[in-house]
file query_19.txt (compact mmCIF, C-alpha atoms)
# COMPACT_ATOMS: atom_id res chain seq x y z
CA MET A 1 -6.68 -135.28 -25.12
CA SER A 2 -2.92 -135.44 -25.06
CA ALA A 3 -0.85 -134.68 -22.00
CA ARG A 4 1.58 -131.81 -21.77
CA VAL A 5 5.05 -132.86 -20.72
CA VAL A 6 6.53 -130.33 -18.31
CA THR A 7 10.14 -130.82 -17.22
CA ILE A 8 11.35 -129.24 -13.98
CA THR A 9 15.07 -128.54 -13.92
CA SER A 10 17.60 -126.11 -12.41
CA GLY A 11 21.25 -126.69 -13.11
CA LYS A 12 22.28 -126.34 -9.49
CA GLY A 13 21.32 -129.05 -7.02
CA GLY A 14 19.35 -128.50 -3.84
CA VAL A 15 17.25 -125.60 -5.05
CA GLY A 16 13.95 -127.50 -4.75
CA LYS A 17 13.21 -129.26 -8.05
CA THR A 18 11.77 -132.35 -6.39
CA THR A 19 9.72 -130.32 -3.92
CA VAL A 20 8.32 -128.29 -6.80
CA THR A 21 7.52 -131.40 -8.86
CA ALA A 22 5.75 -133.13 -5.96
CA ASN A 23 3.72 -130.06 -5.05
CA LEU A 24 2.75 -129.19 -8.61
CA GLY A 25 1.66 -132.80 -9.05
CA VAL A 26 -0.54 -132.57 -5.97
CA ALA A 27 -1.92 -129.12 -6.85
CA LEU A 28 -2.76 -130.12 -10.45
CA ALA A 29 -4.37 -133.40 -9.36
CA MET A 30 -6.47 -131.52 -6.76
CA ARG A 31 -7.70 -129.38 -9.64
CA GLY A 32 -9.02 -132.41 -11.49
CA GLN A 33 -6.02 -132.99 -13.75
CA ARG A 34 -4.74 -136.49 -14.43
CA VAL A 35 -1.06 -136.30 -13.54
CA VAL A 36 2.00 -138.54 -13.65
CA THR A 37 5.10 -137.32 -11.85
CA ILE A 38 8.22 -138.93 -13.31
CA ASP A 39 11.47 -139.17 -11.38
CA ALA A 40 14.25 -138.89 -13.96
CA ASP A 41 17.02 -138.82 -11.36
CA ILE A 42 18.23 -142.38 -11.89
CA GLY A 43 20.33 -143.64 -8.99
CA LEU A 44 19.26 -140.89 -6.58
CA ARG A 45 15.51 -141.19 -6.36
CA ASN A 46 13.72 -138.78 -4.07
CA LEU A 47 10.37 -137.90 -5.55
CA ASP A 48 8.88 -141.02 -3.96
CA VAL A 49 9.76 -139.89 -0.43
CA MET A 50 8.60 -136.32 -1.08
CA LEU A 51 5.22 -137.75 -2.08
CA GLY A 52 5.18 -140.31 0.75
CA LEU A 53 4.96 -143.20 -1.72
CA GLU A 54 8.30 -144.88 -1.03
CA ASN A 55 6.74 -148.02 0.45
CA ARG A 56 4.51 -148.75 -2.51
CA ILE A 57 7.11 -149.05 -5.25
CA VAL A 58 7.32 -152.40 -7.05
CA TYR A 59 8.82 -151.52 -10.43
CA ASP A 60 10.72 -148.47 -11.64
CA LEU A 61 11.66 -146.53 -14.78
CA VAL A 62 14.60 -148.82 -15.59
CA ASP A 63 12.39 -151.90 -15.27
CA VAL A 64 10.10 -150.35 -17.88
CA VAL A 65 13.00 -149.44 -20.17
CA GLU A 66 14.49 -152.92 -19.93
CA GLY A 67 11.14 -154.62 -20.46
CA ARG A 68 10.77 -156.31 -17.06
CA CYS A 69 7.29 -154.85 -16.63
CA ARG A 70 4.64 -152.94 -18.52
CA LEU A 71 4.57 -149.16 -18.10
CA ARG A 72 1.22 -149.29 -16.28
CA GLN A 73 2.59 -151.74 -13.72
CA ALA A 74 5.33 -149.32 -12.70
CA LEU A 75 2.96 -146.42 -12.01
CA VAL A 76 2.29 -145.95 -8.29
CA ARG A 77 -1.10 -144.40 -7.63
CA ASP A 78 -1.38 -141.85 -4.84
CA LYS A 79 -4.37 -143.03 -2.81
CA ARG A 80 -5.02 -139.56 -1.40
CA LEU A 81 -6.00 -138.15 -4.80
CA GLN A 82 -8.08 -139.41 -7.71
CA GLU A 83 -5.52 -139.11 -10.47
CA LEU A 84 -1.98 -138.63 -9.24
CA TYR A 85 0.67 -141.18 -10.16
CA LEU A 86 4.40 -141.61 -9.68
CA LEU A 87 6.80 -143.27 -12.07
CA PRO A 88 9.77 -143.87 -9.76
CA ALA A 89 13.43 -143.75 -10.70
CA ALA A 90 15.66 -146.75 -10.07
CA GLN A 91 17.70 -146.34 -6.94
CA THR A 92 20.36 -148.98 -7.52
CA ARG A 93 21.17 -148.41 -11.17
CA ASP A 94 23.33 -145.82 -12.84
CA LYS A 95 22.21 -143.05 -15.15
CA SER A 96 23.37 -144.81 -18.31
CA ALA A 97 20.48 -147.29 -17.99
CA VAL A 98 18.12 -144.76 -19.60
CA ARG A 99 18.52 -142.88 -22.88
CA ALA A 100 16.73 -139.81 -24.20
CA GLU A 101 14.76 -141.95 -26.69
CA ASP A 102 13.48 -144.08 -23.81
CA MET A 103 12.10 -141.01 -22.04
CA VAL A 104 10.44 -139.79 -25.22
CA ARG A 105 8.87 -143.19 -25.87
CA ILE A 106 7.59 -143.56 -22.29
CA CYS A 107 6.10 -140.08 -22.26
CA ASN A 108 4.44 -140.61 -25.64
CA GLU A 109 2.88 -143.80 -24.35
CA LEU A 110 1.47 -141.95 -21.31
CA ARG A 111 0.26 -138.87 -23.21
CA GLU A 112 -3.00 -140.51 -24.29
CA SER A 113 -4.31 -141.14 -20.79
CA PHE A 114 -3.20 -138.07 -18.83
CA ASP A 115 -3.28 -134.27 -18.76
CA PHE A 116 0.15 -133.52 -17.29
CA LEU A 117 3.41 -135.44 -17.15
CA LEU A 118 5.80 -133.71 -14.74
CA VAL A 119 9.42 -134.79 -15.20
CA ASP A 120 11.72 -134.18 -12.23
CA SER A 121 15.18 -133.65 -13.73
CA PRO A 122 18.44 -134.44 -11.97
CA ALA A 123 20.78 -131.55 -11.18
CA GLY A 124 23.58 -130.80 -13.58
CA ILE A 125 23.75 -130.60 -17.37
CA GLU A 126 24.82 -134.15 -18.11
CA GLN A 127 22.96 -137.04 -19.72
CA GLY A 128 20.33 -137.23 -16.97
CA PHE A 129 19.37 -133.62 -17.61
CA ARG A 130 19.24 -134.25 -21.35
CA ASN A 131 17.03 -137.29 -20.83
CA ALA A 132 14.63 -135.23 -18.74
CA VAL A 133 14.44 -132.41 -21.26
CA ALA A 134 14.11 -134.63 -24.37
CA PRO A 135 10.36 -135.36 -24.00
CA ALA A 136 9.46 -131.87 -22.73
CA ASP A 137 6.79 -129.66 -24.31
CA GLU A 138 7.81 -126.97 -21.87
CA VAL A 139 10.44 -126.46 -19.20
CA LEU A 140 10.24 -124.87 -15.77
CA ILE A 141 13.48 -123.72 -14.19
CA VAL A 142 13.76 -123.61 -10.43
CA THR A 143 16.23 -121.24 -8.83
CA ASN A 144 16.91 -119.63 -5.47
CA PRO A 145 17.55 -115.90 -5.14
CA GLU A 146 21.31 -116.32 -4.78
CA VAL A 147 24.29 -115.84 -7.06
CA ALA A 148 25.32 -119.47 -7.64
CA ALA A 149 21.79 -120.74 -8.33
CA VAL A 150 20.93 -117.92 -10.72
CA ARG A 151 24.20 -118.37 -12.56
CA ASP A 152 23.51 -122.08 -13.12
CA ALA A 153 19.92 -121.29 -14.14
CA ASP A 154 21.29 -118.99 -16.84
CA ARG A 155 23.47 -121.77 -18.20
CA VAL A 156 20.50 -124.17 -18.31
CA ILE A 157 18.26 -121.57 -19.98
CA GLY A 158 20.83 -121.32 -22.76
CA LEU A 159 20.99 -125.11 -23.20
CA ILE A 160 17.20 -125.40 -23.31
CA GLU A 161 16.98 -122.72 -25.96
CA ALA A 162 19.68 -124.49 -27.96
CA GLU A 163 17.59 -127.69 -27.78
CA GLY A 164 14.59 -125.80 -29.15
CA LYS A 165 12.65 -126.38 -25.92
CA GLY A 166 12.38 -122.73 -24.92
CA PRO A 167 11.28 -120.32 -23.78
CA ALA A 168 11.49 -121.81 -20.31
CA ARG A 169 9.65 -120.22 -17.41
CA LEU A 170 11.14 -119.49 -14.00
CA ILE A 171 10.19 -120.46 -10.46
CA ILE A 172 11.98 -118.54 -7.72
CA ASN A 173 12.02 -120.79 -4.68
CA ARG A 174 12.82 -120.01 -1.04
CA LEU A 175 12.47 -116.26 -1.28
CA LYS A 176 12.64 -114.50 2.07
CA PRO A 177 10.57 -111.31 1.82
CA GLU A 178 12.09 -109.90 5.00
CA LEU A 179 15.64 -110.22 3.61
CA VAL A 180 14.52 -108.65 0.33
CA ARG A 181 13.01 -105.76 2.26
CA ARG A 182 16.31 -105.25 4.05
CA GLY A 183 18.14 -105.29 0.73
CA ASP A 184 20.02 -108.43 1.69
CA MET A 185 18.52 -110.77 -0.91
CA LEU A 186 18.23 -110.56 -4.69
CA ASP A 187 14.71 -109.40 -5.43
CA THR A 188 12.42 -110.92 -8.03
CA SER A 189 12.81 -108.12 -10.54
CA ALA A 190 16.62 -108.37 -10.42
CA VAL A 191 16.55 -112.12 -11.11
CA ILE A 192 14.03 -111.78 -13.95
CA GLU A 193 15.97 -108.94 -15.50
CA LEU A 194 19.31 -110.75 -15.31
CA LEU A 195 17.94 -114.00 -16.74
CA ALA A 196 15.62 -112.35 -19.29
CA ILE A 197 12.95 -115.03 -18.80
CA ASP A 198 9.26 -115.17 -17.87
CA LEU A 199 8.27 -115.85 -14.29
CA ILE A 200 5.66 -118.48 -13.46
CA GLY A 201 5.85 -118.41 -9.67
CA ILE A 202 7.52 -117.30 -6.47
CA ILE A 203 7.61 -119.69 -3.50
CA PRO A 204 8.36 -118.02 -0.18
CA GLU A 205 10.64 -119.73 2.33
CA ASP A 206 8.29 -121.70 4.55
CA GLU A 207 8.92 -124.10 7.45
CA ALA A 208 5.84 -126.02 6.41
CA VAL A 209 7.84 -127.35 3.43
CA ILE A 210 10.36 -128.99 5.78
CA MET A 211 7.60 -130.54 7.85
CA ALA A 212 5.92 -131.75 4.67
CA ALA A 213 9.15 -133.42 3.56
CA ASN A 214 9.37 -135.08 6.98
CA THR A 215 5.91 -136.58 6.70
CA GLY A 216 5.67 -137.20 2.96
CA ARG A 217 2.61 -135.02 2.60
CA PRO A 218 3.40 -132.05 0.28
CA VAL A 219 2.26 -128.61 1.46
CA ALA A 220 0.02 -128.22 -1.59
CA PHE A 221 -2.50 -130.62 0.00
CA THR A 222 -3.84 -127.69 2.05
CA ASP A 223 -3.93 -123.98 1.46
CA ASN A 224 -2.98 -123.01 4.98
CA SER A 225 0.70 -122.38 4.25
CA PRO A 226 2.15 -119.58 2.09
CA ALA A 227 4.19 -122.09 0.05
CA GLY A 228 1.15 -124.32 -0.47
CA ARG A 229 -0.82 -121.38 -1.85
CA ALA A 230 2.08 -120.39 -4.10
CA PHE A 231 2.16 -123.91 -5.61
CA HIS A 232 -1.55 -123.69 -6.39
CA HIS A 233 -0.97 -120.37 -8.12
CA ILE A 234 1.64 -122.01 -10.35
CA ALA A 235 -0.69 -124.95 -11.06
CA ARG A 236 -3.41 -122.55 -12.15
CA ARG A 237 -0.97 -120.66 -14.39
CA LEU A 238 0.11 -123.97 -15.94
CA MET A 239 -3.54 -124.66 -16.68
CA GLY A 240 -3.70 -121.37 -18.56
CA GLU A 241 -5.36 -119.22 -15.94
CA GLU A 242 -4.23 -115.61 -15.46
CA VAL A 243 -3.25 -115.38 -11.80
CA PRO A 244 -1.83 -112.01 -10.75
CA PHE A 245 1.43 -112.11 -8.84
CA ALA A 246 0.96 -110.99 -5.27
CA PRO A 247 2.74 -107.66 -5.19
CA LEU A 248 5.97 -108.38 -3.41
CA LYS A 249 6.54 -105.25 -1.44
CA GLU A 250 9.68 -103.41 -2.40
CA PRO A 251 10.34 -100.30 -0.35
CA GLY A 252 9.79 -97.05 -2.22
CA LEU A 253 12.13 -94.09 -2.12
CA LEU A 254 10.36 -92.36 0.76
CA GLU A 255 10.17 -95.55 2.75
CA ARG A 256 13.87 -96.19 2.18
CA LEU A 257 14.75 -92.66 3.27
CA PHE A 258 12.62 -93.06 6.36
CA ARG A 259 14.22 -96.39 7.22
CA TRP A 260 17.68 -94.99 6.66
CA MET A 261 17.03 -92.07 8.97
CA ARG A 262 15.66 -94.41 11.58
CA ALA A 263 18.78 -96.60 11.28
CA GLU A 264 20.75 -93.41 11.79
CA GLY A 265 18.97 -92.77 15.09
CA GLU A 266 19.78 -96.25 16.35
CA GLU A 267 23.52 -95.81 16.02
CA MET B 1 27.23 -85.16 12.53
CA LYS B 2 26.83 -88.77 11.47
CA LEU B 3 23.96 -87.94 9.17
CA LEU B 4 26.07 -85.49 7.23
CA ASP B 5 28.96 -87.90 7.29
CA ARG B 6 26.79 -90.58 5.75
CA LEU B 7 25.52 -88.18 3.12
CA LEU B 8 29.01 -87.13 2.13
CA HIS B 9 30.75 -90.48 2.27
CA HIS B 10 29.94 -93.43 0.19
CA GLN B 11 28.25 -96.18 2.13
CA GLU B 12 28.60 -99.94 1.55
CA PRO B 13 25.58 -101.09 -0.49
CA PRO B 14 23.34 -103.83 0.95
CA SER B 15 24.46 -107.39 0.11
CA GLY B 16 21.54 -107.92 -2.29
CA GLU B 17 22.89 -105.09 -4.41
CA ILE B 18 26.37 -106.65 -4.35
CA ALA B 19 24.86 -110.01 -5.41
CA ARG B 20 23.12 -108.33 -8.33
CA GLU B 21 26.29 -106.63 -9.53
CA ARG B 22 28.38 -109.81 -9.18
CA LEU B 23 25.77 -111.78 -11.09
CA ARG B 24 25.61 -109.18 -13.83
CA LEU B 25 29.34 -109.58 -14.42
CA VAL B 26 29.43 -113.37 -14.05
CA LEU B 27 26.54 -113.85 -16.49
CA ALA B 28 28.07 -111.48 -19.01
CA HIS B 29 31.34 -113.41 -18.94
CA ASP B 30 29.62 -116.82 -18.97
CA ARG B 31 27.44 -115.92 -21.93
CA ALA B 32 30.27 -114.54 -24.03
CA ASN B 33 32.69 -117.21 -22.87
CA ILE B 34 35.15 -114.41 -22.10
CA SER B 35 36.68 -114.92 -18.69
CA PRO B 36 38.23 -112.17 -16.58
CA GLY B 37 41.53 -114.03 -17.10
CA LEU B 38 41.20 -113.72 -20.89
CA LEU B 39 40.59 -109.98 -20.48
CA GLU B 40 43.90 -109.76 -18.60
CA VAL B 41 45.69 -111.56 -21.43
CA LEU B 42 44.11 -109.24 -24.01
CA LYS B 43 45.10 -106.25 -21.93
CA ASP B 44 48.76 -107.28 -21.76
CA GLU B 45 48.90 -107.90 -25.50
CA ILE B 46 47.18 -104.63 -26.32
CA ILE B 47 49.67 -102.78 -24.12
CA ALA B 48 52.56 -104.49 -25.90
CA VAL B 49 51.24 -103.67 -29.38
CA ILE B 50 50.19 -100.07 -28.77
CA SER B 51 53.28 -99.09 -26.83
CA ARG B 52 55.46 -100.16 -29.76
CA HIS B 53 53.99 -97.20 -31.65
CA VAL B 54 52.69 -94.70 -29.12
CA PRO B 55 53.80 -93.93 -25.56
CA ILE B 56 51.00 -95.03 -23.22
CA ASP B 57 50.43 -95.34 -19.50
CA PRO B 58 50.28 -99.15 -19.03
CA ASP B 59 48.88 -98.91 -15.50
CA GLY B 60 45.91 -96.94 -16.71
CA VAL B 61 44.85 -99.43 -19.42
CA GLN B 62 41.43 -101.03 -18.88
CA VAL B 63 39.83 -103.72 -21.04
CA THR B 64 36.20 -104.42 -20.21
CA TYR B 65 33.43 -106.52 -21.65
CA THR B 66 29.97 -104.95 -21.78
CA GLU B 67 26.59 -106.28 -22.85
CA GLY B 68 24.50 -103.91 -24.90
CA PRO B 69 20.94 -104.18 -26.21
CA ARG B 70 22.07 -104.99 -29.74
CA VAL B 71 25.74 -105.71 -29.61
CA ASN B 72 28.18 -106.78 -26.92
CA ARG B 73 31.54 -105.13 -26.99
CA LEU B 74 35.06 -105.18 -25.72
CA VAL B 75 36.12 -101.72 -24.70
CA ALA B 76 39.78 -100.85 -24.31
CA ASP B 77 40.57 -97.61 -22.54
CA ILE B 78 44.19 -96.66 -23.21
CA PRO B 79 45.52 -93.46 -21.66
CA LEU B 80 48.28 -91.89 -23.74
CA ARG B 81 51.39 -90.58 -22.11
CA THR B 82 51.60 -87.15 -23.71
CA GLU B 83 53.28 -83.99 -22.57
CA ARG B 84 50.97 -82.04 -20.35
CA ARG B 85 50.09 -78.62 -21.57
CA VAL B 86 48.82 -76.51 -18.79
CA ARG B 87 46.10 -74.21 -19.91
CA ARG B 88 45.05 -71.19 -18.02

call {"tool": "encode", "arguments": {"input": "query_19.txt", "output": "structure tokens"}}
result
Amino acid sequence: MSARVVTITSGKGGVGKTTVTANLGVALAMRGQRVVTIDADIGLRNLDVMLGLENRIVYDLVDVVEGRCRLRQALVRDKRLQELYLLPAAQTRDKSAVRAEDMVRICNELRESFDFLLVDSPAGIEQGFRNAVAPADEVLIVTNPEVAAVRDADRVIGLIEAEGKGPARLIINRLKPELVRRGDMLDTSAVIELLAIDLIGIIPEDEAVIMAANTGRPVAFTDNSPAGRAFHHIARRLMGEEVPFAPLKEPGLLERLFRWMRAEGEE
Amino acid sequence: MKLLDRLLHHQEPPSGEIARERLRLVLAHDRANISPGLLEVLKDEIIAVISRHVPIDPDGVQVTYTEGPRVNRLVADIPLRTERRVRR
């Protein structure tokens, strides 16, 4: 068995890459997969706090690269799950401490013993992004249904194709079905059509995600939140299962006409 | 009759629709590396060249970039200033 290296990236910052990485790690590990989540955001580490593992870090990625510890020593095991690990980023170093070859070498060394290596990419399209994409077998792009995020996603999709790492698949994060119904948010089909890319999941906006970030216990640990369920759907798709997309209700012509006439009456 | 009024007059589309249209344009320009500013430059130069040979209406000139299924194109729409012949 050799692990698949899946890099999670986005172009724009703040769209939810780290949240997605943490939750996919949890969801895959709950499904019996052996998973390492790797924080490639050197200097701005966050995956550790998302996973609630910030107090257990001894060594980090840069320590491994510079030979201060063995790779295995730097892996932090999540005690809540059988086989979920974190390879933390360095917090006090700068991005130049790691090169693309280092990421490839580290991932190759881990491939033997795991099923999935999830690489959390930094925002942007600089060296950190290139380091995160270098070891990837496949790439997931996270975006929000808004103009700036989709535009940056398009740029990143092009770069990934140029690197020969495509076709990437898309995660639309923080979708608000009510706004879509009102016509005040880009809908899924518009985003897919504009980016010309395959969809792997839609995560609805969900307060549970904020609470999970507060406590360091990702929503995917339970299936009692809409976002948690959505992450499990993506995990199953990553494992090769066909999971139908929950039909996101778009109003039909009649419904729109009806709504419009009703809005008319309210004036 | 507001209903009739709304039927007859164009109504502002919902913001999601505006987002989609803005994105369509931004992505087209990003992908081709042709900025709206470059289109303006092209337009001015086209006006200068064409009007040396043919009388045109410079205010009516439009240069647009469009993405097609097989080929992307620059389209220049140049109205000529010709004598109007009124036909009956």

call {"tool": "closest_residue", "arguments": {"input": "query_19.txt", "among": "A:Val35, A:Ile203, A:Leu238, A:Met185", "to": "chain B", "atoms": "all atoms listed in the file"}}
result
A:Met185

call {"tool": "closest_atom_pairs", "arguments": {"input": "query_19.txt", "of": "chain B", "to": "chain A", "cutoff": "10 Å", "atoms": "only C-alpha atoms", "output": "Markdown table"}}
result
| residue | atom | partner | partner_atom | distance |
| --- | --- | --- | --- | --- |
| B:Lys2 | CA | A:Glu264 | CA | 7.7 |
| B:Leu3 | CA | A:Glu264 | CA | 6.9 |
| B:Arg6 | CA | A:Glu264 | CA | 9.0 |
| B:Pro13 | CA | A:Gly183 | CA | 8.6 |
| B:Pro14 | CA | A:Gly183 | CA | 5.4 |
| B:Ser15 | CA | A:Asp184 | CA | 4.8 |
| B:Gly16 | CA | A:Asp184 | CA | 4.3 |
| B:Glu17 | CA | A:Gly183 | CA | 7.0 |
| B:Ile18 | CA | A:Asp184 | CA | 8.9 |
| B:Ala19 | CA | A:Val147 | CA | 6.1 |
| B:Arg20 | CA | A:Leu186 | CA | 6.5 |
| B:Glu21 | CA | A:Val147 | CA | 9.7 |
| B:Arg22 | CA | A:Val147 | CA | 7.6 |
| B:Leu23 | CA | A:Val147 | CA | 5.9 |
| B:Arg24 | CA | A:Leu194 | CA | 6.7 |
| B:Val26 | CA | A:Arg151 | CA | 7.4 |
| B:Leu27 | CA | A:Arg151 | CA | 6.4 |
| B:Ala28 | CA | A:Leu194 | CA | 9.5 |
| B:Asp30 | CA | A:Arg155 | CA | 7.9 |
| B:Arg31 | CA | A:Arg155 | CA | 8.0 |

call {"tool": "residues_around", "arguments": {"input": "query_19.txt", "residues": "Arg4 in chain A", "least_positions_apart": "4", "cutoff": "8 Å", "atoms": "only C-alpha atoms", "output": "CSV table (one decimal) with C-alpha atoms, in the coordinates of the input"}}
result
chain,number,residue,atom,x,y,z
A,111,ARG,CA,0.3,-138.9,-23.2
A,115,ASP,CA,-3.3,-134.3,-18.8
A,116,PHE,CA,0.2,-133.5,-17.3
A,117,LEU,CA,3.4,-135.4,-17.2
A,136,ALA,CA,9.5,-131.9,-22.7
A,137,ASP,CA,6.8,-129.7,-24.3
A,138,GLU,CA,7.8,-127.0,-21.9

call {"tool": "residues_around", "arguments": {"input": "query_19.txt", "residues": "Thr66 in chain B", "least_positions_apart": "3", "cutoff": "9 Å", "atoms": "only C-alpha atoms", "output": "number ranges by chain"}}
result
B: 25, 28, 71-75

call {"tool": "residues_near_point", "arguments": {"input": "query_19.txt", "point": "(34.3, -104.6, -21.0)", "cutoff": "12 Å", "atoms": "all atoms listed in the file", "output": "short mmCIF file (atom, residue, chain, number, x, y, z; two decimals) with C-alpha atoms, in the frame of the given file"}}
result
data_model
loop_
_atom_site.label_atom_id
_atom_site.label_comp_id
_atom_site.auth_asym_id
_atom_site.auth_seq_id
_atom_site.Cartn_x
_atom_site.Cartn_y
_atom_site.Cartn_z
CA LEU B 25 29.34 -109.58 -14.42
CA ALA B 28 28.07 -111.48 -19.01
CA HIS B 29 31.34 -113.41 -18.94
CA ALA B 32 30.27 -114.54 -24.03
CA ILE B 34 35.15 -114.41 -22.10
CA SER B 35 36.68 -114.92 -18.69
CA PRO B 36 38.23 -112.17 -16.58
CA LEU B 38 41.20 -113.72 -20.89
CA LEU B 39 40.59 -109.98 -20.48
CA GLU B 40 43.90 -109.76 -18.60
CA LEU B 42 44.11 -109.24 -24.01
CA LYS B 43 45.10 -106.25 -21.93
CA VAL B 61 44.85 -99.43 -19.42
CA GLN B 62 41.43 -101.03 -18.88
CA VAL B 63 39.83 -103.72 -21.04
CA THR B 64 36.20 -104.42 -20.21
CA TYR B 65 33.43 -106.52 -21.65
CA THR B 66 29.97 -104.95 -21.78
CA GLU B 67 26.59 -106.28 -22.85
CA GLY B 68 24.50 -103.91 -24.90
CA ASN B 72 28.18 -106.78 -26.92
CA ARG B 73 31.54 -105.13 -26.99
CA LEU B 74 35.06 -105.18 -25.72
CA VAL B 75 36.12 -101.72 -24.70
CA ALA B 76 39.78 -100.85 -24.31
CA ASP B 77 40.57 -97.61 -22.54
#

call {"tool": "residues_around", "arguments": {"input": "query_19.txt", "residues": "Val156 in chain A", "least_positions_apart": "3", "cutoff": "6 Å", "atoms": "only C-alpha atoms", "output": "list in words"}}
result
Gly11, Ala153 and Leu159 of chain A

call {"tool": "atom_distance", "arguments": {"input": "query_19.txt", "atom1": "CA of Arg93 in chain A", "atom2": "CA of Leu44 in chain A"}}
result
9.0 Å

call {"tool": "atom_distance", "arguments": {"input": "query_19.txt", "atom1": "CA of Thr9 in chain A", "atom2": "CA of Arg68 in chain A"}}
result
28.3 Å

call {"tool": "atom_distance", "arguments": {"input": "query_19.txt", "atom1": "CA of Arg45 in chain A", "atom2": "CA of Leu86 in chain A"}}
result
11.6 Å

call {"tool": "closest_residue", "arguments": {"input": "query_19.txt", "among": "A:Met103, A:Met30, A:Ile141, A:Leu75", "to": "Thr18 in chain A", "atoms": "only C-alpha atoms"}}
result
A:Ile141

call {"tool": "closest_residue", "arguments": {"input": "query_19.txt", "among": "A:Arg237, A:Arg105, A:Lys17, A:Arg217", "to": "Leu71 in chain A", "atoms": "only C-alpha atoms"}}
result
A:Arg105
